[in-house]
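Listing of start.txt; format and content: compact mmCIF, C-alpha atoms.
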# COMPACT_ATOMS: atom_id res chain seq x y z
CA MET K 1 55.00 -28.93 -8.96
CA THR K 2 51.59 -29.78 -7.53
CA ASP K 3 48.21 -29.86 -9.28
CA GLN K 4 47.35 -26.69 -7.41
CA ASP K 5 50.39 -24.90 -8.89
CA GLU K 6 49.28 -25.78 -12.43
CA ASN K 7 45.96 -23.94 -11.91
CA ILE K 8 47.57 -20.64 -10.87
CA GLY K 9 46.38 -17.82 -13.11
CA GLN K 10 43.46 -19.79 -14.54
CA MET K 11 39.91 -18.58 -14.11
CA PRO K 12 37.59 -21.04 -12.37
CA GLN K 13 34.99 -22.56 -14.69
CA THR K 14 31.50 -21.20 -14.13
CA PRO K 15 28.39 -23.10 -15.19
CA LEU K 16 26.81 -19.92 -16.60
CA LEU K 17 27.92 -18.27 -19.83
CA ILE K 18 26.39 -15.08 -21.19
CA HIS K 19 26.51 -15.23 -24.99
CA ALA K 20 24.82 -11.88 -25.69
CA GLN K 21 23.20 -8.94 -23.95
CA TYR K 22 20.81 -6.67 -25.82
CA LEU K 23 18.28 -3.91 -25.53
CA LYS K 24 14.92 -5.28 -26.71
CA ASP K 25 12.80 -2.18 -26.14
CA LEU K 26 13.25 1.32 -24.78
CA SER K 27 10.48 3.85 -24.36
CA PHE K 28 10.56 7.29 -22.80
CA GLU K 29 7.55 9.59 -22.67
CA ASN K 30 7.78 13.18 -21.53
CA PRO K 31 4.18 14.31 -22.15
CA ASN K 32 4.17 17.58 -20.24
CA ALA K 33 7.58 19.00 -21.18
CA PRO K 34 8.78 21.69 -21.07
CA GLY K 35 6.42 23.06 -18.39
CA ILE K 36 6.84 20.08 -16.06
CA LEU K 37 10.63 20.53 -16.06
CA GLN K 38 10.32 23.59 -13.84
CA LYS K 39 11.04 22.94 -10.19
CA GLY K 40 7.89 22.28 -8.16
CA ASP K 41 7.14 22.73 -4.49
CA ASN K 42 6.34 19.06 -3.89
CA PRO K 43 8.70 16.16 -4.55
CA PRO K 44 7.59 13.87 -7.38
CA LYS K 45 5.82 10.59 -6.68
CA MET K 46 7.80 7.71 -8.17
CA GLU K 47 6.48 4.33 -9.24
CA MET K 48 8.57 1.39 -10.41
CA ASP K 49 7.78 -2.13 -11.55
CA ILE K 50 10.20 -4.93 -12.37
CA GLY K 51 9.37 -7.98 -14.44
CA LEU K 52 11.45 -11.02 -15.23
CA ASN K 53 10.89 -13.73 -17.81
CA VAL K 54 12.95 -16.79 -18.71
CA LYS K 55 12.45 -18.79 -21.88
CA ARG K 56 14.28 -21.90 -23.01
CA LEU K 57 15.63 -21.63 -26.56
CA GLU K 58 16.90 -24.14 -29.11
CA HIS K 59 20.60 -23.94 -29.93
CA ASP K 60 22.87 -26.06 -32.14
CA LYS K 61 25.76 -26.29 -29.68
CA HIS K 62 24.21 -25.76 -26.24
CA GLU K 63 21.73 -28.16 -24.69
CA HIS K 64 20.68 -25.71 -21.97
CA PHE K 65 20.26 -22.35 -23.70
CA TYR K 66 17.94 -19.62 -22.35
CA GLU K 67 16.80 -16.06 -22.84
CA VAL K 68 16.44 -14.00 -19.66
CA VAL K 69 14.48 -10.76 -20.08
CA LEU K 70 14.42 -8.04 -17.43
CA SER K 71 11.74 -5.34 -17.76
CA VAL K 72 11.79 -2.14 -15.74
CA ASN K 73 9.00 0.44 -15.86
CA ALA K 74 9.40 3.71 -14.00
CA GLY K 75 7.27 6.80 -13.83
CA ALA K 76 7.08 10.06 -11.95
CA LYS K 77 4.13 12.33 -11.26
CA ARG K 78 4.20 15.80 -9.77
CA PRO K 79 1.51 16.60 -7.18
CA LEU K 80 -0.21 19.89 -7.96
CA PRO K 81 -1.65 22.37 -5.41
CA ASP K 82 -5.23 21.44 -6.41
CA GLY K 83 -4.65 17.78 -5.46
CA GLU K 84 -4.28 16.56 -9.05
CA GLU K 85 -1.12 14.93 -10.34
CA LYS K 86 0.67 15.66 -13.59
CA THR K 87 2.84 13.04 -15.30
CA MET K 88 6.48 14.00 -15.47
CA PHE K 89 7.79 10.98 -17.36
CA LEU K 90 7.17 7.33 -18.14
CA ALA K 91 10.15 5.10 -18.97
CA GLU K 92 10.37 1.44 -19.93
CA CYS K 93 13.44 -0.66 -20.58
CA VAL K 94 13.30 -4.29 -21.72
CA TYR K 95 16.76 -5.86 -21.66
CA GLY K 96 17.70 -9.41 -22.54
CA ALA K 97 20.54 -11.87 -22.20
CA ALA K 98 21.13 -15.13 -24.04
CA VAL K 99 22.81 -17.59 -21.69
CA SER K 100 23.82 -21.22 -21.50
CA ILE K 101 24.37 -23.45 -18.49
CA THR K 102 26.74 -26.42 -18.45
CA GLY K 103 27.87 -28.85 -15.79
CA LEU K 104 24.98 -28.15 -13.44
CA GLU K 105 22.01 -30.40 -12.80
CA GLU K 106 18.91 -29.09 -14.53
CA LYS K 107 16.89 -28.65 -11.35
CA ARG K 108 19.39 -25.96 -10.31
CA HIS K 109 18.97 -23.92 -13.53
CA HIS K 110 15.77 -22.17 -12.48
CA PRO K 111 17.14 -20.29 -9.45
CA LEU K 112 20.33 -19.42 -11.33
CA LEU K 113 18.37 -17.95 -14.24
CA PHE K 114 16.00 -15.98 -12.02
CA THR K 115 18.58 -14.62 -9.58
CA GLU K 116 22.13 -14.52 -10.93
CA VAL K 117 21.47 -13.50 -14.53
CA PRO K 118 19.24 -10.52 -13.60
CA HIS K 119 21.78 -9.53 -10.95
CA MET K 120 24.46 -9.43 -13.68
CA ILE K 121 22.42 -7.48 -16.26
CA PHE K 122 20.67 -5.03 -13.90
CA PRO K 123 23.57 -2.50 -13.93
CA PHE K 124 23.12 -2.12 -17.70
CA VAL K 125 19.38 -1.49 -17.29
CA ARG K 126 20.15 1.01 -14.54
CA GLN K 127 22.56 2.89 -16.82
CA ILE K 128 20.06 2.95 -19.71
CA MET K 129 17.28 4.30 -17.47
CA ALA K 130 19.59 6.97 -16.03
CA GLY K 131 20.57 8.08 -19.53
CA ALA K 132 16.98 8.17 -20.77
CA THR K 133 15.73 10.32 -17.89
CA GLN K 134 18.71 12.64 -18.18
CA ALA K 135 18.07 13.04 -21.92
CA GLY K 136 14.46 13.90 -21.00
CA GLY K 137 15.65 16.90 -18.97
CA TYR K 138 15.55 15.36 -15.48
CA ILE K 139 18.29 14.40 -13.09
CA PRO K 140 19.42 10.84 -13.96
CA LEU K 141 17.16 8.22 -12.40
CA GLN K 142 19.35 6.10 -10.14
CA LEU K 143 17.51 2.83 -9.59
CA ASN K 144 18.20 1.22 -6.26
CA PRO K 145 19.78 -2.24 -6.23
CA VAL K 146 17.27 -5.08 -6.47
CA ASP K 147 17.32 -8.23 -4.35
CA PHE K 148 16.51 -10.79 -7.03
CA ARG K 149 16.88 -13.65 -4.53
CA ALA K 150 14.13 -12.19 -2.36
CA MET K 151 11.96 -11.71 -5.47
CA TYR K 152 12.60 -15.34 -6.40
CA ILE K 153 11.69 -16.64 -2.96
CA GLU K 154 8.53 -14.53 -2.86
CA ARG K 155 7.44 -15.66 -6.33
CA PHE K 156 8.41 -19.32 -6.31
CA ALA K 157 8.53 -20.37 -2.64
CA ASN K 158 5.29 -22.36 -2.87
CA LYS K 159 5.82 -23.72 -6.38
CA GLY K 160 7.68 -26.85 -5.31
CA ASN K 161 9.04 -28.98 -8.13
CA GLY K 162 7.14 -27.06 -10.82
CA ALA K 163 9.44 -24.06 -10.34
CA GLU K 164 12.29 -25.84 -12.07
CA GLU K 165 10.65 -25.50 -15.47
CA ALA K 166 11.91 -22.51 -17.45
CA GLY K 167 9.42 -20.30 -19.18
CA GLU K 168 7.83 -18.97 -16.01
CA SER K 169 7.99 -15.30 -15.20
CA ALA K 170 8.33 -13.26 -12.05
CA ALA K 171 6.94 -9.77 -11.68

Would you kindly transcribe this structure into structure tokens?
Amino acid sequence: MTDQDENIGQMPQTPLLIHAQYLKDLSFENPNAPGILQKGDNPPKMEMDIGLNVKRLEHDKHEHFYEVVLSVNAGAKRPLPDGEEKTMFLAECVYGAAVSITGLEEKRHHPLLFTEVPHMIFPFVRQIMAGATQAGGYIPLQLNPVDFRAMYIERFANKGNGAEEAGESAA
């Protein structure tokens, strides 16, 4: 039996462990219901904003313990014939994850926290936002996938060595 045979059926060790995922805040406003729920002639105008924050936390057992918070704000307005716009809905979801990193040099934590963790928790945010808009009387809002690596590069490309410090945020 070889060393390789002994590892059959075992999961490879990952440096990232998610200890908890949680909804920190959820808000849904439907200020013009029920009138706005009627089908209009013009498609709604959608706006979306994504924010990301990472904070290092103290933990008894884990030296490298962090909170990653993903915030998604979405809103829709219906254009009216007179040129005005009427708000259909405003939705906000703030979702967090408590994670630890082991066996990885600290300078590599920052990109992992700002790209991989949001990539893993985004489907939960997407589901929450879809449920909230559906409960508000609209078709479920299906958020498009987000390229967190591109967001990271855009936000931190010129930061240099300072980007390795946790506690910075990307919007």

### Task
Fewer than 2 positions away in the same chain doesn't count, so skip those; otherwise give me all residues within 7 Å of segment 94-108 of chain K, counting all atoms listed in the file, as an MDAnalysis selection string.
chainID K and resid 15:26 62 64:72 92 110:112 125 164

### Query
Between atom CA of Arg126 of chain K and atom CA of Gly35 of chain K, what is the distance, to one decimal in Å?
26.3 Å

### Message
Considering only C-alpha atoms, can you say which of K:Glu63, K:Gln127, K:Glu116, K:Leu141 comes closest to Thr14 of chain K?
### Response
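Ranking K:Glu63, K:Gln127, K:Glu116, K:Leu141 by distance to Thr14 of chain K, first place goes to K:Glu116.
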
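Separating atom CA of Asn32 of chain K from atom CA of Val146 of chain K is a distance of 29.6 Å.
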
### Shell of 7 Å around Asn73 of chain K, only C-alpha atoms, local chain residues under 6 positions omitted, as a VMD selection string
chain K and resid 48 to 50 91 to 93

Preceding selection exported with C-alpha atoms as an mmCIF file, in the coordinates of the input:
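Generated file (out03.cif):
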data_model
loop_
_atom_site.group_PDB
_atom_site.id
_atom_site.type_symbol
_atom_site.label_atom_id
_atom_site.label_comp_id
_atom_site.auth_asym_id
_atom_site.auth_seq_id
_atom_site.Cartn_x
_atom_site.Cartn_y
_atom_site.Cartn_z
ATOM 1 C CA MET K 48 8.570 1.390 -10.410
ATOM 2 C CA ASP K 49 7.780 -2.130 -11.550
ATOM 3 C CA ILE K 50 10.200 -4.930 -12.370
ATOM 4 C CA ALA K 91 10.150 5.100 -18.970
ATOM 5 C CA GLU K 92 10.370 1.440 -19.930
ATOM 6 C CA CYS K 93 13.440 -0.660 -20.580
#

### Task
Mind giving me the straight-line distance from atom CA of Glu47 of chain K to atom CA of Pro31 of chain K in Å, one decimal?
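Calculated distance between atom CA of Glu47 of chain K and atom CA of Pro31 of chain K is 16.5 Å.
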
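Considering the residues K:Thr115, K:Gln38, K:Ser27, K:Thr87 and counting only C-alpha atoms, Val54 of chain K has its shortest atom-to-atom contact with K:Thr115.
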
### Leu90 of chain K surroundings by all atoms listed in the file, 6 Å radius, close-in-sequence under 6 positions cut, as a ChimeraX atom specification
/K:28-29,74-75

## Note on the structure
With distances taken over all atoms listed in the file, the candidate from K:Lys77, K:Ile121, K:Gly137, K:Asn144 nearest Pro43 of chain K is K:Lys77

### Query
Can you list, as number ranges by chain, every protein, DNA or RNA residue that comes within 8 Å of Pro140 of chain K when you count all atoms listed in the file, leaving out same-chain residues fewer than 3 positions away?
K: 129-134

Those residues you just picked out, can you put them in a file as a PDB file, in the frame of the given file with C-alpha atoms?
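Below you can see again-v5.pdb, which holds the result:
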ATOM      1  CA  MET K 129      17.280   4.300 -17.470  1.00  0.00           C
ATOM      2  CA  ALA K 130      19.590   6.970 -16.030  1.00  0.00           C
ATOM      3  CA  GLY K 131      20.570   8.080 -19.530  1.00  0.00           C
ATOM      4  CA  ALA K 132      16.980   8.170 -20.770  1.00  0.00           C
ATOM      5  CA  THR K 133      15.730  10.320 -17.890  1.00  0.00           C
ATOM      6  CA  GLN K 134      18.710  12.640 -18.180  1.00  0.00           C
TER       7      GLN K 134
END

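Counting all atoms listed in the file, Lys39 of chain K has the following residues at most 12 Å away, ignoring those fewer than 3 positions along the same chain: Pro34, Gly35, Ile36, Asn42, Pro43, Pro44, Arg78, Pro79, Leu80, Met88, Gly137, Tyr138 and Ile139 of chain K.
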
### Task
May I have the protein, DNA and RNA residues with an atom at most 7 Å from (14.0, -14.5, -9.4), counting all atoms listed in the file in the file's coordinates, returned as a VMD selection string?
chain K and resid 111 114 to 115 148 to 149 151 to 152 170

Could you add N, CA and C atoms to segment 83-113 of chain K and give me the result as a compact mmCIF listing (two decimals), in the coordinates of the input?
# COMPACT_ATOMS: atom_id res chain seq x y z
N GLY K 83 -4.47 19.19 -5.79
CA GLY K 83 -4.65 17.78 -5.46
C GLY K 83 -4.49 16.84 -6.64
N GLU K 84 -4.49 17.37 -7.84
CA GLU K 84 -4.28 16.56 -9.05
C GLU K 84 -2.79 16.20 -9.16
N GLU K 85 -2.50 15.29 -10.06
CA GLU K 85 -1.12 14.93 -10.34
C GLU K 85 -0.88 15.07 -11.84
N LYS K 86 0.31 15.51 -12.19
CA LYS K 86 0.67 15.66 -13.59
C LYS K 86 1.87 14.75 -13.88
N THR K 87 1.76 13.96 -14.95
CA THR K 87 2.84 13.04 -15.30
C THR K 87 4.08 13.81 -15.70
N MET K 88 5.19 13.43 -15.09
CA MET K 88 6.48 14.00 -15.47
C MET K 88 7.07 13.16 -16.60
N PHE K 89 7.27 11.86 -16.32
CA PHE K 89 7.79 10.98 -17.36
C PHE K 89 7.34 9.55 -17.11
N LEU K 90 7.39 8.77 -18.18
CA LEU K 90 7.17 7.33 -18.14
C LEU K 90 8.33 6.71 -18.91
N ALA K 91 9.01 5.74 -18.32
CA ALA K 91 10.15 5.10 -18.97
C ALA K 91 10.03 3.59 -18.85
N GLU K 92 10.38 2.91 -19.93
CA GLU K 92 10.37 1.44 -19.93
C GLU K 92 11.62 0.95 -20.63
N CYS K 93 12.27 -0.02 -20.00
CA CYS K 93 13.44 -0.66 -20.58
C CYS K 93 13.24 -2.16 -20.50
N VAL K 94 13.37 -2.83 -21.65
CA VAL K 94 13.30 -4.29 -21.72
C VAL K 94 14.66 -4.75 -22.23
N TYR K 95 15.37 -5.49 -21.39
CA TYR K 95 16.76 -5.86 -21.66
C TYR K 95 16.90 -7.36 -21.55
N GLY K 96 17.58 -7.96 -22.51
CA GLY K 96 17.70 -9.41 -22.54
C GLY K 96 19.13 -9.90 -22.51
N ALA K 97 19.26 -11.18 -22.17
CA ALA K 97 20.54 -11.87 -22.20
C ALA K 97 20.30 -13.29 -22.69
N ALA K 98 21.15 -13.75 -23.58
CA ALA K 98 21.13 -15.13 -24.04
C ALA K 98 22.24 -15.85 -23.29
N VAL K 99 21.86 -16.91 -22.56
CA VAL K 99 22.81 -17.59 -21.69
C VAL K 99 22.74 -19.10 -21.88
N SER K 100 23.84 -19.77 -21.53
CA SER K 100 23.82 -21.22 -21.50
C SER K 100 24.36 -21.68 -20.14
N ILE K 101 23.93 -22.86 -19.75
CA ILE K 101 24.37 -23.45 -18.49
C ILE K 101 24.93 -24.83 -18.79
N THR K 102 26.12 -25.10 -18.28
CA THR K 102 26.74 -26.42 -18.45
C THR K 102 27.27 -26.92 -17.11
N GLY K 103 27.28 -28.24 -16.97
CA GLY K 103 27.87 -28.85 -15.79
C GLY K 103 27.09 -28.64 -14.51
N LEU K 104 25.81 -28.38 -14.62
CA LEU K 104 24.98 -28.15 -13.44
C LEU K 104 23.67 -28.89 -13.65
N GLU K 105 23.25 -29.64 -12.64
CA GLU K 105 22.01 -30.40 -12.80
C GLU K 105 20.86 -29.45 -13.12
N GLU K 106 19.96 -29.94 -13.98
CA GLU K 106 18.91 -29.09 -14.53
C GLU K 106 18.00 -28.49 -13.47
N LYS K 107 17.77 -29.19 -12.38
CA LYS K 107 16.89 -28.65 -11.35
C LYS K 107 17.47 -27.40 -10.67
N ARG K 108 18.75 -27.15 -10.88
CA ARG K 108 19.39 -25.96 -10.31
C ARG K 108 19.44 -24.79 -11.30
N HIS K 109 18.96 -24.99 -12.52
CA HIS K 109 18.97 -23.92 -13.53
C HIS K 109 18.02 -22.79 -13.15
N HIS K 110 16.82 -23.16 -12.74
CA HIS K 110 15.77 -22.17 -12.48
C HIS K 110 16.21 -21.06 -11.53
N PRO K 111 16.72 -21.38 -10.33
CA PRO K 111 17.14 -20.29 -9.45
C PRO K 111 18.31 -19.48 -10.01
N LEU K 112 19.20 -20.12 -10.73
CA LEU K 112 20.33 -19.42 -11.33
C LEU K 112 19.84 -18.40 -12.36
N LEU K 113 18.89 -18.82 -13.18
CA LEU K 113 18.37 -17.95 -14.24
C LEU K 113 17.56 -16.78 -13.69
